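Chemist: My structure is in structure_16.cif, and what it holds is mmCIF, C-alpha atoms:
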data_my_file
#
loop_
_atom_site.group_PDB
_atom_site.id
_atom_site.type_symbol
_atom_site.label_atom_id
_atom_site.label_comp_id
_atom_site.auth_asym_id
_atom_site.auth_seq_id
_atom_site.Cartn_x
_atom_site.Cartn_y
_atom_site.Cartn_z
ATOM 1 C CA MET A 1099 9.981 4.772 12.968
ATOM 2 C CA ASN A 1100 9.483 4.518 16.741
ATOM 3 C CA LYS A 1101 10.028 2.226 19.715
ATOM 4 C CA PHE A 1102 7.158 0.098 18.449
ATOM 5 C CA SER A 1103 8.971 -0.758 15.182
ATOM 6 C CA HIS A 1104 10.454 -4.206 14.699
ATOM 7 C CA LYS A 1105 12.567 -5.590 11.871
ATOM 8 C CA PHE A 1106 12.083 -9.204 10.821
ATOM 9 C CA THR A 1107 12.491 -11.540 7.862
ATOM 10 C CA LEU A 1108 10.165 -13.978 6.137
ATOM 11 C CA ASP A 1109 10.889 -16.772 3.696
ATOM 12 C CA GLY A 1110 9.468 -15.719 0.335
ATOM 13 C CA HIS A 1111 9.175 -17.681 -2.879
ATOM 14 C CA ALA A 1112 12.443 -16.155 -4.120
ATOM 15 C CA GLY A 1113 14.314 -16.113 -0.798
ATOM 16 C CA LYS A 1114 14.420 -13.890 2.256
ATOM 17 C CA MET A 1115 12.044 -10.936 2.545
ATOM 18 C CA GLN A 1116 13.279 -7.938 4.562
ATOM 19 C CA CYS A 1117 10.340 -6.656 6.627
ATOM 20 C CA VAL A 1118 9.340 -4.032 9.187
ATOM 21 C CA LEU A 1119 6.404 -4.133 11.588
ATOM 22 C CA ASP A 1120 5.073 -0.905 13.112
ATOM 23 C CA LEU A 1121 2.704 -1.238 16.069
ATOM 24 C CA PRO A 1122 0.289 1.165 17.754
ATOM 25 C CA GLU A 1123 0.694 1.777 21.472
ATOM 26 C CA ASP A 1124 -2.507 -0.086 22.289
ATOM 27 C CA ALA A 1125 -3.744 -3.469 21.097
ATOM 28 C CA PRO A 1126 -4.223 -3.264 17.326
ATOM 29 C CA ARG A 1127 -7.725 -3.031 15.891
ATOM 30 C CA GLY A 1128 -6.610 -4.208 12.461
ATOM 31 C CA ILE A 1129 -3.752 -5.179 10.168
ATOM 32 C CA ALA A 1130 -2.381 -2.993 7.372
ATOM 33 C CA LEU A 1131 -0.011 -4.063 4.597
ATOM 34 C CA VAL A 1132 1.930 -1.349 2.745
ATOM 35 C CA ALA A 1133 3.487 -1.800 -0.727
ATOM 36 C CA HIS A 1134 6.311 0.443 -1.958
ATOM 37 C CA PRO A 1135 6.963 1.958 -5.417
ATOM 38 C CA HIS A 1136 8.810 0.363 -8.328
ATOM 39 C CA PRO A 1137 12.070 -1.327 -7.270
ATOM 40 C CA LEU A 1138 13.829 -0.654 -10.575
ATOM 41 C CA TYR A 1139 13.392 3.089 -10.054
ATOM 42 C CA GLY A 1140 14.642 3.322 -6.498
ATOM 43 C CA GLY A 1141 11.504 2.205 -4.688
ATOM 44 C CA THR A 1142 11.980 0.709 -1.216
ATOM 45 C CA MET A 1143 9.904 0.226 1.920
ATOM 46 C CA GLU A 1144 11.654 3.335 3.271
ATOM 47 C CA ASN A 1145 10.118 5.495 0.551
ATOM 48 C CA LYS A 1146 8.577 8.582 2.163
ATOM 49 C CA VAL A 1147 5.066 7.907 0.884
ATOM 50 C CA ALA A 1148 5.228 4.270 2.029
ATOM 51 C CA GLN A 1149 6.444 5.448 5.433
ATOM 52 C CA THR A 1150 3.621 7.994 5.564
ATOM 53 C CA LEU A 1151 1.069 5.279 4.845
ATOM 54 C CA ALA A 1152 2.581 3.131 7.600
ATOM 55 C CA ARG A 1153 2.429 5.998 10.103
ATOM 56 C CA THR A 1154 -1.136 6.704 9.070
ATOM 57 C CA PHE A 1155 -2.313 3.181 9.786
ATOM 58 C CA VAL A 1156 -0.447 3.087 13.091
ATOM 59 C CA THR A 1157 -2.356 6.265 14.013
ATOM 60 C CA LEU A 1158 -5.566 4.432 13.125
ATOM 61 C CA GLY A 1159 -4.575 1.595 15.442
ATOM 62 C CA TYR A 1160 -3.371 -0.951 12.903
ATOM 63 C CA ALA A 1161 -0.416 -3.338 13.157
ATOM 64 C CA THR A 1162 1.335 -2.260 9.961
ATOM 65 C CA ALA A 1163 3.799 -4.332 7.923
ATOM 66 C CA ARG A 1164 6.045 -3.396 5.008
ATOM 67 C CA PHE A 1165 8.670 -5.362 3.142
ATOM 68 C CA ASN A 1166 11.231 -4.751 0.435
ATOM 69 C CA PHE A 1167 10.254 -6.314 -2.862
ATOM 70 C CA ARG A 1168 12.531 -8.839 -4.529
ATOM 71 C CA GLY A 1169 16.057 -7.572 -5.123
ATOM 72 C CA VAL A 1170 15.622 -4.488 -2.906
ATOM 73 C CA GLY A 1171 17.772 -3.972 0.194
ATOM 74 C CA GLU A 1172 18.257 -7.310 1.912
ATOM 75 C CA SER A 1173 15.354 -9.019 0.128
ATOM 76 C CA GLU A 1174 16.511 -11.791 -2.163
ATOM 77 C CA GLY A 1175 15.420 -12.568 -5.720
ATOM 78 C CA VAL A 1176 14.895 -10.350 -8.750
ATOM 79 C CA HIS A 1177 12.061 -8.066 -9.839
ATOM 80 C CA ASP A 1178 9.132 -10.070 -11.267
ATOM 81 C CA GLU A 1179 6.956 -7.336 -12.807
ATOM 82 C CA GLY A 1180 4.310 -7.671 -10.111
ATOM 83 C CA ARG A 1181 3.655 -11.401 -10.339
ATOM 84 C CA GLY A 1182 6.089 -12.604 -7.688
ATOM 85 C CA GLU A 1183 5.520 -9.452 -5.658
ATOM 86 C CA VAL A 1184 1.838 -10.373 -5.267
ATOM 87 C CA ASP A 1185 2.871 -13.879 -4.212
ATOM 88 C CA ASP A 1186 5.179 -12.378 -1.602
ATOM 89 C CA MET A 1187 2.422 -10.055 -0.389
ATOM 90 C CA GLU A 1188 0.331 -13.154 0.248
ATOM 91 C CA ILE A 1189 3.140 -14.578 2.384
ATOM 92 C CA MET A 1190 3.158 -11.361 4.408
ATOM 93 C CA TYR A 1191 -0.633 -11.529 4.675
ATOM 94 C CA GLN A 1192 -0.533 -15.109 5.930
ATOM 95 C CA HIS A 1193 2.123 -14.209 8.482
ATOM 96 C CA MET A 1194 0.189 -11.231 9.820
ATOM 97 C CA VAL A 1195 -3.201 -12.952 10.093
ATOM 98 C CA LYS A 1196 -1.482 -15.764 11.980
ATOM 99 C CA GLU A 1197 0.149 -13.284 14.359
ATOM 100 C CA TYR A 1198 -3.022 -11.205 14.777
ATOM 101 C CA PRO A 1199 -5.940 -13.582 14.184
ATOM 102 C CA GLY A 1200 -9.440 -12.287 13.697
ATOM 103 C CA LEU A 1201 -8.500 -8.711 12.769
ATOM 104 C CA PRO A 1202 -9.589 -6.962 9.555
ATOM 105 C CA VAL A 1203 -6.869 -6.385 6.957
ATOM 106 C CA ALA A 1204 -6.339 -3.147 5.014
ATOM 107 C CA LEU A 1205 -4.142 -2.878 1.921
ATOM 108 C CA SER A 1206 -2.284 0.249 0.871
ATOM 109 C CA GLY A 1207 0.336 1.091 -1.687
ATOM 110 C CA PHE A 1208 2.092 3.829 -3.610
ATOM 111 C CA SER A 1209 2.677 3.891 -7.380
ATOM 112 C CA PHE A 1210 3.799 0.361 -8.445
ATOM 113 C CA GLY A 1211 2.656 -0.736 -4.992
ATOM 114 C CA THR A 1212 -0.931 0.125 -5.971
ATOM 115 C CA PHE A 1213 -0.672 -2.354 -8.850
ATOM 116 C CA VAL A 1214 0.526 -5.057 -6.451
ATOM 117 C CA GLN A 1215 -2.193 -4.370 -3.893
ATOM 118 C CA ALA A 1216 -5.030 -4.130 -6.416
ATOM 119 C CA GLN A 1217 -4.010 -7.504 -7.827
ATOM 120 C CA PHE A 1218 -3.703 -8.956 -4.347
ATOM 121 C CA GLN A 1219 -7.178 -7.732 -3.448
ATOM 122 C CA GLN A 1220 -8.536 -9.574 -6.501
ATOM 123 C CA ARG A 1221 -6.813 -12.732 -5.242
ATOM 124 C CA LEU A 1222 -8.325 -12.294 -1.782
ATOM 125 C CA ILE A 1223 -11.778 -11.723 -3.276
ATOM 126 C CA ALA A 1224 -11.429 -14.954 -5.261
ATOM 127 C CA GLN A 1225 -10.499 -16.716 -2.019
ATOM 128 C CA GLY A 1226 -13.596 -15.335 -0.305
ATOM 129 C CA ARG A 1227 -11.681 -13.170 2.152
ATOM 130 C CA PRO A 1228 -11.433 -9.642 0.692
ATOM 131 C CA ALA A 1229 -9.424 -6.974 2.471
ATOM 132 C CA GLU A 1230 -11.376 -4.507 4.577
ATOM 133 C CA ARG A 1231 -10.399 -1.561 2.371
ATOM 134 C CA LEU A 1232 -7.715 -0.246 0.022
ATOM 135 C CA VAL A 1233 -5.761 3.020 0.071
ATOM 136 C CA LEU A 1234 -4.036 3.669 -3.260
ATOM 137 C CA VAL A 1235 -1.737 6.696 -3.615
ATOM 138 C CA GLY A 1236 -0.334 7.659 -7.004
ATOM 139 C CA THR A 1237 -2.336 4.841 -8.592
ATOM 140 C CA ALA A 1238 -0.432 3.154 -11.412
ATOM 141 C CA ALA A 1239 -3.175 3.531 -14.030
ATOM 142 C CA GLY A 1240 -1.766 3.646 -17.541
ATOM 143 C CA LYS A 1241 1.585 2.226 -16.384
ATOM 144 C CA TRP A 1242 0.437 -1.277 -15.472
ATOM 145 C CA PRO A 1243 -2.881 -3.056 -16.124
ATOM 146 C CA MET A 1244 -4.726 -2.023 -12.994
ATOM 147 C CA PRO A 1245 -7.616 -4.360 -12.154
ATOM 148 C CA GLU A 1246 -10.925 -3.253 -10.722
ATOM 149 C CA VAL A 1247 -10.998 -2.285 -7.063
ATOM 150 C CA PRO A 1248 -13.932 -1.972 -4.621
ATOM 151 C CA LEU A 1249 -16.093 1.139 -4.589
ATOM 152 C CA ASP A 1250 -14.897 2.205 -1.132
ATOM 153 C CA THR A 1251 -11.235 2.339 -2.197
ATOM 154 C CA ILE A 1252 -9.503 5.584 -1.207
ATOM 155 C CA LEU A 1253 -7.694 7.025 -4.237
ATOM 156 C CA ILE A 1254 -5.286 9.927 -3.696
ATOM 157 C CA HIS A 1255 -3.336 11.565 -6.511
ATOM 158 C CA GLY A 1256 -1.163 14.591 -7.060
ATOM 159 C CA GLU A 1257 -2.435 17.355 -9.340
ATOM 160 C CA LEU A 1258 0.980 17.805 -10.976
ATOM 161 C CA ASP A 1259 1.979 14.137 -11.221
ATOM 162 C CA ASP A 1260 3.850 13.772 -14.522
ATOM 163 C CA THR A 1261 4.818 10.122 -13.933
ATOM 164 C CA ILE A 1262 1.221 8.890 -13.792
ATOM 165 C CA THR A 1263 -1.003 11.683 -15.000
ATOM 166 C CA LEU A 1264 -4.224 12.637 -13.309
ATOM 167 C CA GLN A 1265 -6.008 12.066 -16.616
ATOM 168 C CA GLU A 1266 -4.819 8.438 -16.712
ATOM 169 C CA VAL A 1267 -6.185 7.894 -13.212
ATOM 170 C CA PHE A 1268 -9.506 9.520 -14.111
ATOM 171 C CA GLU A 1269 -9.843 7.305 -17.186
ATOM 172 C CA TRP A 1270 -9.301 4.204 -15.044
ATOM 173 C CA ALA A 1271 -11.501 5.337 -12.131
ATOM 174 C CA ARG A 1272 -14.371 6.742 -14.211
ATOM 175 C CA PRO A 1273 -15.946 3.427 -15.293
ATOM 176 C CA LEU A 1274 -15.478 2.131 -11.749
ATOM 177 C CA ASP A 1275 -17.326 5.217 -10.437
ATOM 178 C CA ILE A 1276 -14.741 5.734 -7.693
ATOM 179 C CA PRO A 1277 -13.913 9.302 -6.551
ATOM 180 C CA VAL A 1278 -10.316 10.505 -6.813
ATOM 181 C CA THR A 1279 -9.034 12.880 -4.139
ATOM 182 C CA VAL A 1280 -6.601 15.330 -5.731
ATOM 183 C CA ILE A 1281 -3.927 17.154 -3.721
ATOM 184 C CA PRO A 1282 -3.323 20.537 -5.390
ATOM 185 C CA GLY A 1283 0.274 21.256 -6.323
ATOM 186 C CA ALA A 1284 1.485 17.745 -5.500
ATOM 187 C CA ASP A 1285 3.905 15.902 -7.772
ATOM 188 C CA HIS A 1286 4.276 12.126 -8.019
ATOM 189 C CA PHE A 1287 6.303 11.876 -4.821
ATOM 190 C CA PHE A 1288 4.164 14.379 -2.890
ATOM 191 C CA HIS A 1289 7.121 16.566 -1.893
ATOM 192 C CA ARG A 1290 6.059 18.839 0.967
ATOM 193 C CA LYS A 1291 2.540 17.335 0.721
ATOM 194 C CA LEU A 1292 2.931 14.113 2.745
ATOM 195 C CA GLY A 1293 0.911 15.470 5.652
ATOM 196 C CA HIS A 1294 -2.097 15.796 3.375
ATOM 197 C CA ILE A 1295 -2.008 12.059 2.640
ATOM 198 C CA LYS A 1296 -2.093 11.160 6.314
ATOM 199 C CA ASN A 1297 -4.793 13.689 7.164
ATOM 200 C CA LEU A 1298 -7.031 12.622 4.293
ATOM 201 C CA VAL A 1299 -6.803 8.912 5.014
ATOM 202 C CA VAL A 1300 -7.386 9.368 8.748
ATOM 203 C CA GLN A 1301 -10.385 11.604 8.137
ATOM 204 C CA MET A 1302 -11.977 9.325 5.555
ATOM 205 C CA TRP A 1303 -11.280 6.173 7.538
ATOM 206 C CA ARG A 1304 -12.671 7.453 10.811
ATOM 207 C CA ARG A 1305 -15.647 9.088 9.171
ATOM 208 C CA ASP A 1306 -16.652 5.807 7.583
ATOM 209 C CA ILE A 1307 -16.335 3.505 10.615
#
Now, as a test, write the supplied structure out as structure tokens.
Modeler:
Amino acid sequence: MNKFSHKFTLDGHAGKMQCVLDLPEDAPRGIALVAHPHPLYGGTMENKVAQTLARTFVTLGYATARFNFRGVGESEGVHDEGRGEVDDMEIMYQHMVKEYPGLPVALSGFSFGTFVQAQFQQRLIAQGRPAERLVLVGTAAGKWPMPEVPLDTILIHGELDDTITLQEVFEWARPLDIPVTVIPGADHFFHRKLGHIKNLVVQMWRRDI
């Protein structure tokens, strides 16, 4: 991504985890963890939406980490339908809070990655240390059993998404009373609309701090 990007590996429950850390130019004000889309459908940490989320959090001053889920790239193991992926996200979390102690942690994900991060947030809440905030793009409602998420979660979805329909996201978000920000003309992968994701998150994040 830039001269402040560093590749590293962690020992996960199923073997090595291939990771990337992206750093802001100044001392980070927080930690962000990014989760990529479904590994059985070509999802990797180099996915354009995942990269956009990483760039967004670097812009906001966060030390931002991504990793390839099990069986993707140089990460070992096999896909575990979200269970093992949440366990591995906790390993990344533990690594980052050790490296950058005392900083708030934000969670973000795209598509299947939203399922992983929403589950992980529930785990952190149960542990008494919830993440600062979630950013979920292309939320996997209707595809996987999405748990509840906090009221201040940023939900972004494409108007023309035919992989996870806008209606499915509305049906999940409605009882939670969480607004959904819709990008007109955007498909599931936000082709030619990635800049909107970054601009929206930066605006909403800075407005609320």
Chemist: Write out as a PDB file with C-alpha atoms, in the coordinates of the input which residues come within 12 Å of Pro1137 in chain A when counting only C-alpha atoms, dropping same-chain ones fewer than 2 positions away.
Modeler:
ATOM      1  CA  ALA A1133       3.487  -1.800  -0.727  1.00  0.00           C
ATOM      2  CA  HIS A1134       6.311   0.443  -1.958  1.00  0.00           C
ATOM      3  CA  PRO A1135       6.963   1.958  -5.417  1.00  0.00           C
ATOM      4  CA  TYR A1139      13.392   3.089 -10.054  1.00  0.00           C
ATOM      5  CA  GLY A1140      14.642   3.322  -6.498  1.00  0.00           C
ATOM      6  CA  GLY A1141      11.504   2.205  -4.688  1.00  0.00           C
ATOM      7  CA  THR A1142      11.980   0.709  -1.216  1.00  0.00           C
ATOM      8  CA  MET A1143       9.904   0.226   1.920  1.00  0.00           C
ATOM      9  CA  GLU A1144      11.654   3.335   3.271  1.00  0.00           C
ATOM     10  CA  ASN A1145      10.118   5.495   0.551  1.00  0.00           C
ATOM     11  CA  PHE A1165       8.670  -5.362   3.142  1.00  0.00           C
ATOM     12  CA  ASN A1166      11.231  -4.751   0.435  1.00  0.00           C
ATOM     13  CA  PHE A1167      10.254  -6.314  -2.862  1.00  0.00           C
ATOM     14  CA  ARG A1168      12.531  -8.839  -4.529  1.00  0.00           C
ATOM     15  CA  GLY A1169      16.057  -7.572  -5.123  1.00  0.00           C
ATOM     16  CA  VAL A1170      15.622  -4.488  -2.906  1.00  0.00           C
ATOM     17  CA  GLY A1171      17.772  -3.972   0.194  1.00  0.00           C
ATOM     18  CA  SER A1173      15.354  -9.019   0.128  1.00  0.00           C
ATOM     19  CA  GLY A1175      15.420 -12.568  -5.720  1.00  0.00           C
ATOM     20  CA  VAL A1176      14.895 -10.350  -8.750  1.00  0.00           C
ATOM     21  CA  HIS A1177      12.061  -8.066  -9.839  1.00  0.00           C
ATOM     22  CA  ASP A1178       9.132 -10.070 -11.267  1.00  0.00           C
ATOM     23  CA  GLU A1179       6.956  -7.336 -12.807  1.00  0.00           C
ATOM     24  CA  GLY A1180       4.310  -7.671 -10.111  1.00  0.00           C
ATOM     25  CA  GLU A1183       5.520  -9.452  -5.658  1.00  0.00           C
ATOM     26  CA  PHE A1208       2.092   3.829  -3.610  1.00  0.00           C
ATOM     27  CA  SER A1209       2.677   3.891  -7.380  1.00  0.00           C
ATOM     28  CA  PHE A1210       3.799   0.361  -8.445  1.00  0.00           C
ATOM     29  CA  GLY A1211       2.656  -0.736  -4.992  1.00  0.00           C
TER      30      GLY A1211
END
Chemist: On this structure, which residues satisfy the PyMOL selection byres ((chain A and resi 1232) around 12), written as a VMD selection string?
Modeler: chain A and resid 1129 to 1133 1151 1155 1202 to 1208 1211 to 1220 1228 to 1231 1233 to 1235 1237 1246 to 1254 1299 1302 to 1303
Chemist: Could you write out as a ChimeraX atom specification the residues that the PyMOL selection byres ((chain A and resi 1197) around 12) matches in the shown file?
Modeler: /A:1119,1126,1128-1129,1161-1163,1190-1196,1198-1201
Chemist: Closest to Ile1189 in chain A among A:Lys1114, A:Glu1266, A:Asn1297, A:Pro1273, using all atoms listed in the file?
Modeler: A:Lys1114
Chemist: In Å, rounded to a single decimal, give me how far CA of Met1244 in chain A is from CA of Asp1285 in chain A.
Modeler: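 Those two atoms sit 20.6 Å apart.
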Chemist: Taking only C-alpha atoms into account, name the residue in A:Gly1236, A:Ala1284, A:Val1147, A:Gly1293 that is nearest to Phe1268 in chain A.
Modeler: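 Smallest distance to Phe1268 in chain A is found for A:Gly1236.
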Chemist: What does the structure give for the distance between CA of His1294 in chain A and CA of Ala1238 in chain A, in Å to one decimal?
Modeler: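 Distance reported for this atom pair: 19.5 Å.
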Chemist: Would you mind reading off the distance between CA of Arg1127 in chain A and CA of Pro1245 in chain A, one decimal, in Å?
Modeler: 28.1 Å
Chemist: Starting from the shown file, work through the PyMOL selection byres ((chain A and resi 1104) around 7) and note down what comes out as a PyMOL selection string.
Modeler: chain A and resi 1102-1103+1105-1106+1118-1120
Chemist: Residues within 8 Å of Leu1292 in chain A, please, as number ranges by chain. Count all atoms listed in the file; anything in the same chain fewer than 3 positions from it doesn't count.
Modeler: A: 1146-1147, 1150, 1288-1289, 1295-1296
Chemist: Could you check which of A:Arg1304, A:Arg1227, A:Arg1181, A:Arg1290 is closest to Ala1112 in chain A, using only C-alpha atoms?
Modeler: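 Among A:Arg1304, A:Arg1227, A:Arg1181, A:Arg1290, it is A:Arg1181 that comes nearest to Ala1112 in chain A.
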Chemist: For each of A:Leu1222, A:Ala1125, A:Ala1239, A:Met1115, take the minimum atom-to-atom distance to Thr1261 in chain A, counting all atoms listed in the file, then give the residue where this is smallest.
Modeler: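 Smallest separation from Thr1261 in chain A among the options: A:Ala1239.
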Chemist: From the set A:Glu1188, A:Ile1276, A:Lys1241, A:Ile1281, which residue has the shortest atom-to-atom contact distance to Arg1221 in chain A, counting all atoms listed in the file?
Modeler: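 Looking at the shortest contact to Arg1221 in chain A, the residue is A:Glu1188.
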Chemist: Let me make sure I understand: among A:Val1280, A:Ala1271, A:Ala1224, A:Met1187, which one has the smallest atom-to-atom distance to Gly1110 in chain A if we use only C-alpha atoms?
Modeler: A:Met1187
